[in-house]
>>> print(open('structure03.cif').read())   # mmCIF, C-alpha atoms
data_start
loop_
_atom_site.label_atom_id
_atom_site.label_comp_id
_atom_site.auth_asym_id
_atom_site.auth_seq_id
_atom_site.Cartn_x
_atom_site.Cartn_y
_atom_site.Cartn_z
CA MET A 1 94.95 191.95 146.05
CA GLU A 2 95.57 188.92 148.20
CA GLU A 3 97.57 186.14 146.54
CA TYR A 4 98.81 188.48 143.82
CA LEU A 5 102.54 189.15 143.94
CA LEU A 6 104.42 191.95 142.23
CA LEU A 7 105.80 190.49 139.01
CA GLY A 8 107.58 193.72 138.14
CA ASP A 9 107.31 197.24 136.80
CA ILE A 10 106.62 197.91 133.15
CA SER A 11 108.17 201.01 131.67
CA THR A 12 106.12 202.75 128.97
CA GLU A 13 108.38 205.43 127.57
CA GLU A 14 107.31 206.73 124.18
CA TRP A 15 110.14 204.90 122.39
CA GLU A 16 109.10 201.63 124.03
CA VAL A 17 105.48 202.02 122.95
CA LYS A 18 106.61 202.88 119.41
CA GLN A 19 108.96 199.89 119.39
CA PHE A 20 106.09 197.66 120.43
CA LEU A 21 103.64 199.08 117.87
CA GLU A 22 106.21 198.69 115.09
CA SER A 23 106.92 195.12 116.17
CA VAL A 24 103.28 194.19 115.72
CA ASN A 25 103.09 196.12 112.46
CA ASP A 26 100.59 198.59 113.95
CA VAL A 27 100.74 201.43 111.47
CA GLN A 28 97.51 203.10 112.54
CA PHE A 29 99.27 204.86 115.38
CA ASN A 30 95.98 205.66 117.13
CA ASN A 31 97.86 205.08 120.34
CA ILE A 32 100.46 207.66 119.39
CA ALA A 33 97.70 210.20 118.78
CA TYR A 34 96.11 209.43 122.15
CA GLN A 35 99.53 209.15 123.90
CA ALA A 36 97.92 205.95 125.21
CA VAL A 37 99.73 202.75 126.02
CA PRO A 38 97.79 199.81 124.58
CA ASN A 39 96.94 197.36 127.33
CA VAL A 40 97.79 194.52 124.99
CA MET A 41 101.39 195.77 125.22
CA LEU A 42 101.27 195.43 129.00
CA VAL A 43 99.90 191.90 128.67
CA SER A 44 102.56 191.03 126.09
CA ARG A 45 105.30 192.30 128.41
CA SER A 46 103.82 190.33 131.31
CA ILE A 47 104.13 187.11 129.31
CA GLY A 48 107.84 187.77 128.87
CA MET A 49 108.18 188.46 132.60
CA MET A 50 106.29 185.28 133.53
CA LEU A 51 108.73 183.07 131.64
CA SER A 52 111.50 183.74 134.13
CA ALA A 53 109.36 184.41 137.22
CA PHE A 54 107.58 181.08 136.98
CA SER A 55 110.40 179.13 135.30
CA ILE A 56 108.25 178.39 132.28
CA PRO A 57 110.34 176.21 129.95
CA ASP A 58 111.07 176.84 126.29
CA GLY A 59 108.45 175.18 124.15
CA ALA A 60 105.57 176.11 126.45
CA VAL A 61 102.65 177.58 124.53
CA HIS A 62 99.72 179.78 125.20
CA THR A 63 96.29 178.15 124.79
CA SER A 64 93.93 180.92 125.81
CA GLN A 65 93.93 184.57 126.76
CA GLU A 66 91.52 186.95 128.43
CA ILE A 67 91.97 190.73 128.62
CA TYR A 68 89.73 193.17 130.51
CA ASN A 69 90.45 196.86 129.90
CA PHE A 70 89.55 199.43 132.54
CA GLY A 71 91.84 202.34 131.74
CA VAL A 72 94.99 203.31 129.90
CA ALA A 73 98.44 204.42 130.92
CA SER A 74 100.00 207.44 129.27
CA PHE A 75 103.46 207.48 127.77
CA GLY A 76 106.07 207.61 130.51
CA ASP A 77 103.93 206.01 133.22
CA VAL A 78 105.36 203.12 135.18
CA VAL A 79 102.87 200.27 135.43
CA GLN A 80 103.01 197.69 138.19
CA CYS A 81 102.15 194.16 137.16
CA TYR A 82 100.88 191.82 139.88
CA SER A 83 100.36 188.16 139.10
CA LYS A 84 99.00 184.98 140.55
CA LYS A 85 99.87 181.53 139.27
CA GLU A 86 97.05 179.06 139.58
CA LYS A 87 97.41 175.45 140.62
CA GLU A 88 98.95 173.25 137.95
CA ARG A 89 97.02 170.37 136.42
CA ILE A 90 98.87 167.45 134.92
CA THR A 91 97.12 165.31 132.36
CA GLY A 92 98.32 163.04 129.55
CA GLY A 93 101.93 164.11 129.75
CA MET A 94 100.99 167.78 129.73
CA LYS A 95 101.04 170.42 132.41
CA LEU A 96 98.47 173.21 132.31
CA PHE A 97 98.22 176.26 134.48
CA GLY A 98 96.67 179.69 134.48
CA VAL A 99 98.37 182.98 135.32
CA SER A 100 96.23 185.98 136.20
CA CYS A 101 97.65 189.50 136.13
CA LYS A 102 96.47 192.88 137.32
CA PHE A 103 98.09 196.03 135.98
CA TYR A 104 98.08 199.19 138.06
CA LYS A 105 99.16 202.77 137.57
CA GLY A 106 99.57 203.81 141.18
CA LYS A 107 98.03 202.04 144.12
CA ASP A 108 94.35 202.08 143.26
CA ASN A 109 94.22 202.83 139.54
CA ILE A 110 93.72 199.52 137.80
CA LEU A 111 94.29 199.58 134.05
CA CYS A 112 93.74 196.04 133.00
CA GLU A 113 93.35 192.42 134.08
CA SER A 114 94.44 189.40 132.11
CA ARG A 115 94.41 185.65 132.40
CA SER A 116 96.60 183.35 130.34
CA ILE A 117 96.47 179.57 130.17
CA VAL A 118 99.83 177.99 129.42
CA ILE A 119 100.48 174.41 128.41
CA VAL A 120 103.78 172.58 128.73
CA LYS A 121 103.96 169.34 126.76
CA ASN A 122 106.20 166.31 127.06
CA ILE A 123 106.85 166.69 130.78
CA MET B 1 82.23 211.86 119.98
CA SER B 2 81.00 210.41 116.70
CA LYS B 3 78.11 207.98 116.45
CA TYR B 4 78.31 204.46 115.13
CA ASN B 5 75.72 203.21 112.70
CA LEU B 6 74.63 199.61 113.04
CA GLU B 7 75.59 198.68 109.51
CA SER B 8 79.22 199.69 110.06
CA LEU B 9 79.43 197.47 113.12
CA LYS B 10 78.44 194.25 111.39
CA GLN B 11 81.86 193.50 109.92
CA LEU B 12 85.12 194.97 111.17
CA ASP B 13 87.97 195.85 108.83
CA GLU B 14 90.60 193.14 108.83
CA ILE B 15 94.20 193.78 109.86
CA THR B 16 96.85 191.82 107.99
CA CYS B 17 100.39 190.87 108.94
CA TYR B 18 103.16 189.06 107.06
CA VAL B 19 105.08 186.94 109.52
CA ASP B 20 108.80 186.62 108.91
CA ALA B 21 111.87 186.19 111.08
CA SER B 22 112.24 189.95 111.39
CA THR B 23 108.66 190.33 112.67
CA ILE B 24 109.23 187.65 115.31
CA THR B 25 112.60 189.08 116.37
CA LYS B 26 111.18 192.58 116.75
CA TYR B 27 108.26 191.30 118.78
CA ALA B 28 110.56 189.24 121.03
CA GLU B 29 112.64 192.35 121.71
CA ALA B 30 109.63 194.54 122.40
CA SER B 31 107.84 192.03 124.62
CA GLY B 32 110.76 190.30 126.31
CA ASP B 33 109.35 186.90 125.31
CA HIS B 34 112.44 184.95 124.26
CA ASN B 35 110.99 181.42 124.26
CA ARG B 36 113.26 179.40 121.94
CA ILE B 37 110.29 178.03 120.02
CA HIS B 38 110.13 181.45 118.37
CA TYR B 39 113.70 181.71 117.08
CA ASP B 40 115.75 178.51 117.52
CA GLU B 41 115.08 176.41 114.41
CA GLN B 42 116.69 173.25 115.77
CA PHE B 43 114.81 173.44 119.05
CA ALA B 44 111.53 174.36 117.35
CA ARG B 45 111.87 171.35 115.04
CA SER B 46 111.90 169.07 118.09
CA THR B 47 108.52 170.36 119.28
CA GLU B 48 105.04 169.34 118.16
CA PHE B 49 105.04 172.31 115.77
CA GLY B 50 108.03 171.04 113.82
CA GLY B 51 109.42 174.52 113.28
CA ILE B 52 109.47 178.12 114.38
CA ILE B 53 106.13 179.67 115.28
CA ALA B 54 105.12 183.25 115.97
CA HIS B 55 104.21 184.37 119.47
CA GLY B 56 100.52 183.92 120.29
CA MET B 57 100.35 187.49 121.57
CA LEU B 58 101.82 188.80 118.32
CA THR B 59 98.93 187.11 116.53
CA LEU B 60 96.41 188.37 119.10
CA ASN B 61 97.66 191.90 118.56
CA LEU B 62 95.90 191.94 115.19
CA ILE B 63 92.58 191.67 117.02
CA SER B 64 93.49 194.44 119.42
CA GLN B 65 94.47 196.67 116.48
CA MET B 66 91.21 195.88 114.71
CA LEU B 67 89.17 196.78 117.81
CA ASP B 68 91.28 199.89 118.37
CA LEU B 69 90.72 201.00 114.78
CA LYS B 70 86.96 200.60 115.04
CA PHE B 71 86.22 201.54 118.62
CA GLY B 72 89.19 203.62 119.84
CA MET B 73 88.81 204.50 123.49
CA ASP B 74 85.64 202.39 123.75
CA TRP B 75 87.96 199.42 123.32
CA LEU B 76 90.91 200.75 125.28
CA VAL B 77 88.72 201.66 128.28
CA GLY B 78 86.01 199.12 129.05
CA GLY B 79 86.53 196.58 126.27
CA SER B 80 87.33 192.95 126.92
CA LEU B 81 88.16 189.82 125.00
CA LYS B 82 88.38 186.11 125.60
CA VAL B 83 90.08 183.91 123.01
CA LYS B 84 91.49 180.45 122.42
CA PHE B 85 94.64 179.82 120.41
CA LYS B 86 93.75 177.10 117.90
CA GLY B 87 96.89 177.11 115.77
CA ALA B 88 100.15 178.90 115.28
CA ALA B 89 101.44 181.26 112.61
CA ARG B 90 104.67 180.18 110.94
CA LEU B 91 107.36 181.91 108.96
CA ASP B 92 106.09 183.34 105.68
CA ASP B 93 102.45 183.07 106.70
CA ILE B 94 100.12 185.96 106.03
CA ILE B 95 97.62 186.25 108.84
CA TYR B 96 94.58 188.46 109.21
CA SER B 97 92.04 189.36 111.85
CA TRP B 98 88.29 189.26 111.40
CA GLY B 99 85.40 190.45 113.50
CA SER B 100 81.62 190.39 113.19
CA LEU B 101 78.81 191.65 115.36
CA LYS B 102 77.07 188.84 117.21
CA SER B 103 74.62 190.84 119.29
CA ILE B 104 73.87 194.34 120.47
CA LYS B 105 71.81 194.88 123.60
CA PRO B 106 70.92 197.89 125.70
CA LEU B 107 71.71 197.74 129.41
CA ASP B 108 70.62 200.83 131.32
CA GLU B 109 72.41 203.77 129.66
CA LYS B 110 74.93 201.52 127.91
CA MET B 111 74.89 199.53 124.72
CA ILE B 112 76.65 196.18 124.98
CA LEU B 113 78.18 194.88 121.77
CA THR B 114 79.29 191.26 121.55
CA LEU B 115 81.55 190.43 118.63
CA ASP B 116 82.86 187.17 117.29
CA ILE B 117 86.54 187.67 116.61
CA GLY B 118 89.44 185.68 115.28
CA VAL B 119 92.65 185.43 113.32
CA LYS B 120 93.06 183.24 110.24
CA ASN B 121 95.93 182.13 108.06
CA ARG B 122 95.54 183.47 104.52
CA LYS B 123 97.27 180.40 103.03
CA ASN B 124 94.77 177.77 104.09
CA LEU B 125 92.13 179.80 105.97
CA SER B 126 92.84 177.81 109.11
CA GLU B 127 91.72 179.41 112.37
CA LEU B 128 94.60 180.51 114.57
CA ILE B 129 92.49 182.32 117.15
CA THR B 130 88.76 182.34 117.88
CA GLY B 131 86.84 184.09 120.59
CA THR B 132 84.60 186.91 121.68
CA ALA B 133 85.04 190.59 122.43
CA ILE B 134 82.70 192.82 124.40
CA ILE B 135 82.52 196.58 123.93
CA LYS B 136 80.43 198.86 126.14
CA MET B 137 79.51 202.34 125.01
CA GLU B 138 77.02 205.06 125.77
CA ARG B 139 73.66 204.09 124.30
CA SER B 140 73.30 207.45 122.61
CA ARG B 141 76.39 206.76 120.50
CA VAL B 142 74.74 204.01 118.48
CA ASP B 143 72.49 205.21 115.71
CA GLU B 144 69.80 202.56 115.78
CA ASN B 145 67.87 203.98 112.83
CA THR B 146 70.39 203.16 110.15
CA GLU B 147 69.54 199.52 109.59
#
>>> encode(input="structure03.cif", output="structure tokens")
Amino acid sequence: MEEYLLLGDISTEEWEVKQFLESVNDVQFNNIAYQAVPNVMLVSRSIGMMLSAFSIPDGAVHTSQEIYNFGVASFGDVVQCYSKKEKERITGGMKLFGVSCKFYKGKDNILCESRSIVIVKNI
Amino acid sequence: MSKYNLESLKQLDEITCYVDASTITKYAEASGDHNRIHYDEQFARSTEFGGIIAHGMLTLNLISQMLDLKFGMDWLVGGSLKVKFKGAARLDDIIYSWGSLKSIKPLDEKMILTLDIGVKNRKNLSELITGTAIIKMERSRVDENTE
């Protein structure tokens, strides 16, 4: 995992998963039945963590997203999110950069990988 | 585990969401994404969007829900997606996900499904997200004789 740094731990208590599912209007509750934490929740939480970790300014927007699922966390697991910020490109008054994340439950149990491209305009 | 028939895979059931301030606030709390473009009207007006927009990941969640509904653990373990954000959802928009089967190919003991996916705005049918999802499942789980 060279170049990836620990962005932080993500708590996945049942109430947190339910709060997330309700916030995205997910009324199917398949995840509740499986006791499975949706990886898209982990990716969503990582975006929030990136804002402060990489000093991403207000007004920055997401232009693309990749998600690769390998496994799922169960309610109550603590997931470690490691991230790597790619080199910034500046073009036409805009700054673009990618952030890749890897989500682990324990040392070797990878759950998910993601890559987000963020654009900051009017720099 | 149940089998999928090919016909049922051609079009996925859409997931719909009404976007209001409460939706955005709840998502910001749950995700920790407190970018002012999502709640500060004055700030949001000064951006290229001219007003408050929903989080991209909130919009993308409709696709994840749609894939979860159809494929369950086949999506949650082994599925992937790659999308571009083409537009933003705004307050009072109704947005919905769509998905259609692009190809289905055997690879060893697996069946590889490639789906075109996206999210549209119900008001003007503009594309907010477009992309592709890939689902891998045991070959024996697809009933190929139902077409």
>>> closest_residue(input="structure03.cif", among="B:Ile104, B:Ile134, B:Leu91, B:Leu12", to="chain A", atoms="only C-alpha atoms")
B:Ile134
>>> resolve_selection(input="structure03.cif", expression="the PyMOL selection byres ((chain B) within 6 of (chain A))", output="list in words")
Lys26, Tyr27, Ala30, Ser31, Gly32, Asp33, Asn35, Arg36, Ile37, Val77, Gly78, Gly79, Ser80, Leu81, Lys82, Val83, Lys84 and Phe85 of chain B
>>> resolve_selection(input="structure03.cif", expression="the PyMOL selection byres ((chain B and resi 110) around 9)", output="list in words")
Lys105, Pro106, Leu107, Asp108, Glu109, Met111, Ile112, Lys136, Met137, Glu138, Arg139 and Ser140 of chain B
>>> atom_distance(input="structure03.cif", atom1="CA of Lys120 in chain B", atom2="CA of Cys101 in chain A")
27.0 Å
>>> resolve_selection(input="structure03.cif", expression="the PyMOL selection byres ((chain B and resi 66) around 10)", output="PyMOL selection string")
(chain A and resi 26+28) or (chain B and resi 12-16+61-65+67-72+75+96-99+117)
>>> atom_distance(input="structure03.cif", atom1="CA of Ser83 in chain A", atom2="CA of Glu29 in chain B")
21.7 Å
>>> residues_around(input="structure03.cif", residues="Arg89 in chain A", least_positions_apart="6", cutoff="10 Å", atoms="all atoms listed in the file", output="MDAnalysis selection string")
chainID A and resid 95:98 119
>>> write_last_selection(input="structure03.cif", atoms="C-alpha atoms", output="PDB file, keeping the file's coordinate frame")
ATOM      1  CA  LYS A  95     101.040 170.420 132.410  1.00  0.00           C
ATOM      2  CA  LEU A  96      98.470 173.210 132.310  1.00  0.00           C
ATOM      3  CA  PHE A  97      98.220 176.260 134.480  1.00  0.00           C
ATOM      4  CA  GLY A  98      96.670 179.690 134.480  1.00  0.00           C
ATOM      5  CA  ILE A 119     100.480 174.410 128.410  1.00  0.00           C
TER       6      ILE A 119
END
>>> atom_distance(input="structure03.cif", atom1="CA of Leu128 in chain B", atom2="CA of Leu101 in chain B")
19.3 Å
>>> residues_around(input="structure03.cif", residues="Gly76 in chain A", least_positions_apart="6", cutoff="7 Å", atoms="all atoms listed in the file", output="PyMOL selection string")
chain A and resi 12-14
>>> build_atoms(input="structure03.cif", residues="range 51-62 of chain B", atoms="all heavy atoms", output="PDB file, in the frame of the given file")
ATOM      1  N   GLY B  51     108.710 173.350 113.814  1.00  0.00           N
ATOM      2  CA  GLY B  51     109.420 174.520 113.280  1.00  0.00           C
ATOM      3  C   GLY B  51     109.067 175.758 114.068  1.00  0.00           C
ATOM      4  O   GLY B  51     108.244 175.712 115.001  1.00  0.00           O
ATOM      5  N   ILE B  52     109.677 176.851 113.665  1.00  0.00           N
ATOM      6  CA  ILE B  52     109.470 178.120 114.380  1.00  0.00           C
ATOM      7  C   ILE B  52     108.021 178.595 114.215  1.00  0.00           C
ATOM      8  O   ILE B  52     107.447 178.512 113.125  1.00  0.00           O
ATOM      9  CB  ILE B  52     110.452 179.174 113.833  1.00  0.00           C
ATOM     10  CG1 ILE B  52     111.867 178.846 114.347  1.00  0.00           C
ATOM     11  CG2 ILE B  52     110.043 180.589 114.216  1.00  0.00           C
ATOM     12  CD1 ILE B  52     112.959 179.700 113.755  1.00  0.00           C
ATOM     13  N   ILE B  53     107.469 179.073 115.322  1.00  0.00           N
ATOM     14  CA  ILE B  53     106.130 179.670 115.280  1.00  0.00           C
ATOM     15  C   ILE B  53     106.190 181.091 115.844  1.00  0.00           C
ATOM     16  O   ILE B  53     107.085 181.424 116.618  1.00  0.00           O
ATOM     17  CB  ILE B  53     105.097 178.838 116.079  1.00  0.00           C
ATOM     18  CG1 ILE B  53     105.515 178.713 117.557  1.00  0.00           C
ATOM     19  CG2 ILE B  53     104.899 177.476 115.445  1.00  0.00           C
ATOM     20  CD1 ILE B  53     104.430 178.131 118.459  1.00  0.00           C
ATOM     21  N   ALA B  54     105.221 181.883 115.440  1.00  0.00           N
ATOM     22  CA  ALA B  54     105.120 183.250 115.970  1.00  0.00           C
ATOM     23  C   ALA B  54     104.524 183.214 117.368  1.00  0.00           C
ATOM     24  O   ALA B  54     103.823 182.257 117.733  1.00  0.00           O
ATOM     25  CB  ALA B  54     104.238 184.103 115.059  1.00  0.00           C
ATOM     26  N   HIS B  55     104.787 184.249 118.137  1.00  0.00           N
ATOM     27  CA  HIS B  55     104.210 184.370 119.470  1.00  0.00           C
ATOM     28  C   HIS B  55     102.680 184.478 119.364  1.00  0.00           C
ATOM     29  O   HIS B  55     102.176 185.200 118.496  1.00  0.00           O
ATOM     30  CB  HIS B  55     104.709 185.638 120.152  1.00  0.00           C
ATOM     31  CG  HIS B  55     106.196 185.747 120.283  1.00  0.00           C
ATOM     32  ND1 HIS B  55     107.025 185.999 119.219  1.00  0.00           N
ATOM     33  CD2 HIS B  55     106.990 185.647 121.373  1.00  0.00           C
ATOM     34  CE1 HIS B  55     108.277 186.054 119.639  1.00  0.00           C
ATOM     35  NE2 HIS B  55     108.290 185.839 120.947  1.00  0.00           N
ATOM     36  N   GLY B  56     101.986 183.815 120.282  1.00  0.00           N
ATOM     37  CA  GLY B  56     100.520 183.920 120.290  1.00  0.00           C
ATOM     38  C   GLY B  56     100.065 185.360 120.466  1.00  0.00           C
ATOM     39  O   GLY B  56      99.110 185.809 119.825  1.00  0.00           O
ATOM     40  N   MET B  57     100.762 186.104 121.320  1.00  0.00           N
ATOM     41  CA  MET B  57     100.350 187.490 121.570  1.00  0.00           C
ATOM     42  C   MET B  57     100.604 188.397 120.365  1.00  0.00           C
ATOM     43  O   MET B  57      99.921 189.398 120.186  1.00  0.00           O
ATOM     44  CB  MET B  57     101.065 188.053 122.806  1.00  0.00           C
ATOM     45  CG  MET B  57     100.547 187.514 124.120  1.00  0.00           C
ATOM     46  SD  MET B  57      98.793 187.863 124.416  1.00  0.00           S
ATOM     47  CE  MET B  57      98.795 189.643 124.559  1.00  0.00           C
ATOM     48  N   LEU B  58     101.591 188.038 119.548  1.00  0.00           N
ATOM     49  CA  LEU B  58     101.820 188.800 118.320  1.00  0.00           C
ATOM     50  C   LEU B  58     100.589 188.646 117.411  1.00  0.00           C
ATOM     51  O   LEU B  58     100.081 189.609 116.835  1.00  0.00           O
ATOM     52  CB  LEU B  58     103.079 188.284 117.622  1.00  0.00           C
ATOM     53  CG  LEU B  58     103.709 189.098 116.484  1.00  0.00           C
ATOM     54  CD1 LEU B  58     105.108 188.577 116.199  1.00  0.00           C
ATOM     55  CD2 LEU B  58     102.921 189.130 115.223  1.00  0.00           C
ATOM     56  N   THR B  59     100.111 187.406 117.347  1.00  0.00           N
ATOM     57  CA  THR B  59      98.930 187.110 116.530  1.00  0.00           C
ATOM     58  C   THR B  59      97.701 187.821 117.106  1.00  0.00           C
ATOM     59  O   THR B  59      96.914 188.428 116.376  1.00  0.00           O
ATOM     60  CB  THR B  59      98.708 185.583 116.510  1.00  0.00           C
ATOM     61  OG1 THR B  59      99.948 184.944 116.215  1.00  0.00           O
ATOM     62  CG2 THR B  59      97.680 185.176 115.492  1.00  0.00           C
ATOM     63  N   LEU B  60      97.559 187.745 118.439  1.00  0.00           N
ATOM     64  CA  LEU B  60      96.410 188.370 119.100  1.00  0.00           C
ATOM     65  C   LEU B  60      96.403 189.890 118.924  1.00  0.00           C
ATOM     66  O   LEU B  60      95.348 190.526 118.938  1.00  0.00           O
ATOM     67  CB  LEU B  60      96.410 188.007 120.590  1.00  0.00           C
ATOM     68  CG  LEU B  60      95.278 188.570 121.445  1.00  0.00           C
ATOM     69  CD1 LEU B  60      93.916 188.131 120.910  1.00  0.00           C
ATOM     70  CD2 LEU B  60      95.428 188.128 122.894  1.00  0.00           C
ATOM     71  N   ASN B  61      97.574 190.462 118.751  1.00  0.00           N
ATOM     72  CA  ASN B  61      97.660 191.900 118.560  1.00  0.00           C
ATOM     73  C   ASN B  61      96.853 192.390 117.356  1.00  0.00           C
ATOM     74  O   ASN B  61      96.392 193.529 117.334  1.00  0.00           O
ATOM     75  CB  ASN B  61      99.119 192.338 118.421  1.00  0.00           C
ATOM     76  CG  ASN B  61      99.649 192.887 119.722  1.00  0.00           C
ATOM     77  OD1 ASN B  61      99.393 194.030 120.056  1.00  0.00           O
ATOM     78  ND2 ASN B  61     100.345 192.058 120.485  1.00  0.00           N
ATOM     79  N   LEU B  62      96.691 191.531 116.354  1.00  0.00           N
ATOM     80  CA  LEU B  62      95.900 191.940 115.190  1.00  0.00           C
ATOM     81  C   LEU B  62      94.463 192.238 115.610  1.00  0.00           C
ATOM     82  O   LEU B  62      93.816 193.149 115.085  1.00  0.00           O
ATOM     83  CB  LEU B  62      95.904 190.848 114.112  1.00  0.00           C
ATOM     84  CG  LEU B  62      97.232 190.480 113.470  1.00  0.00           C
ATOM     85  CD1 LEU B  62      96.984 189.540 112.291  1.00  0.00           C
ATOM     86  CD2 LEU B  62      97.985 191.699 113.008  1.00  0.00           C
TER      87      LEU B  62
END
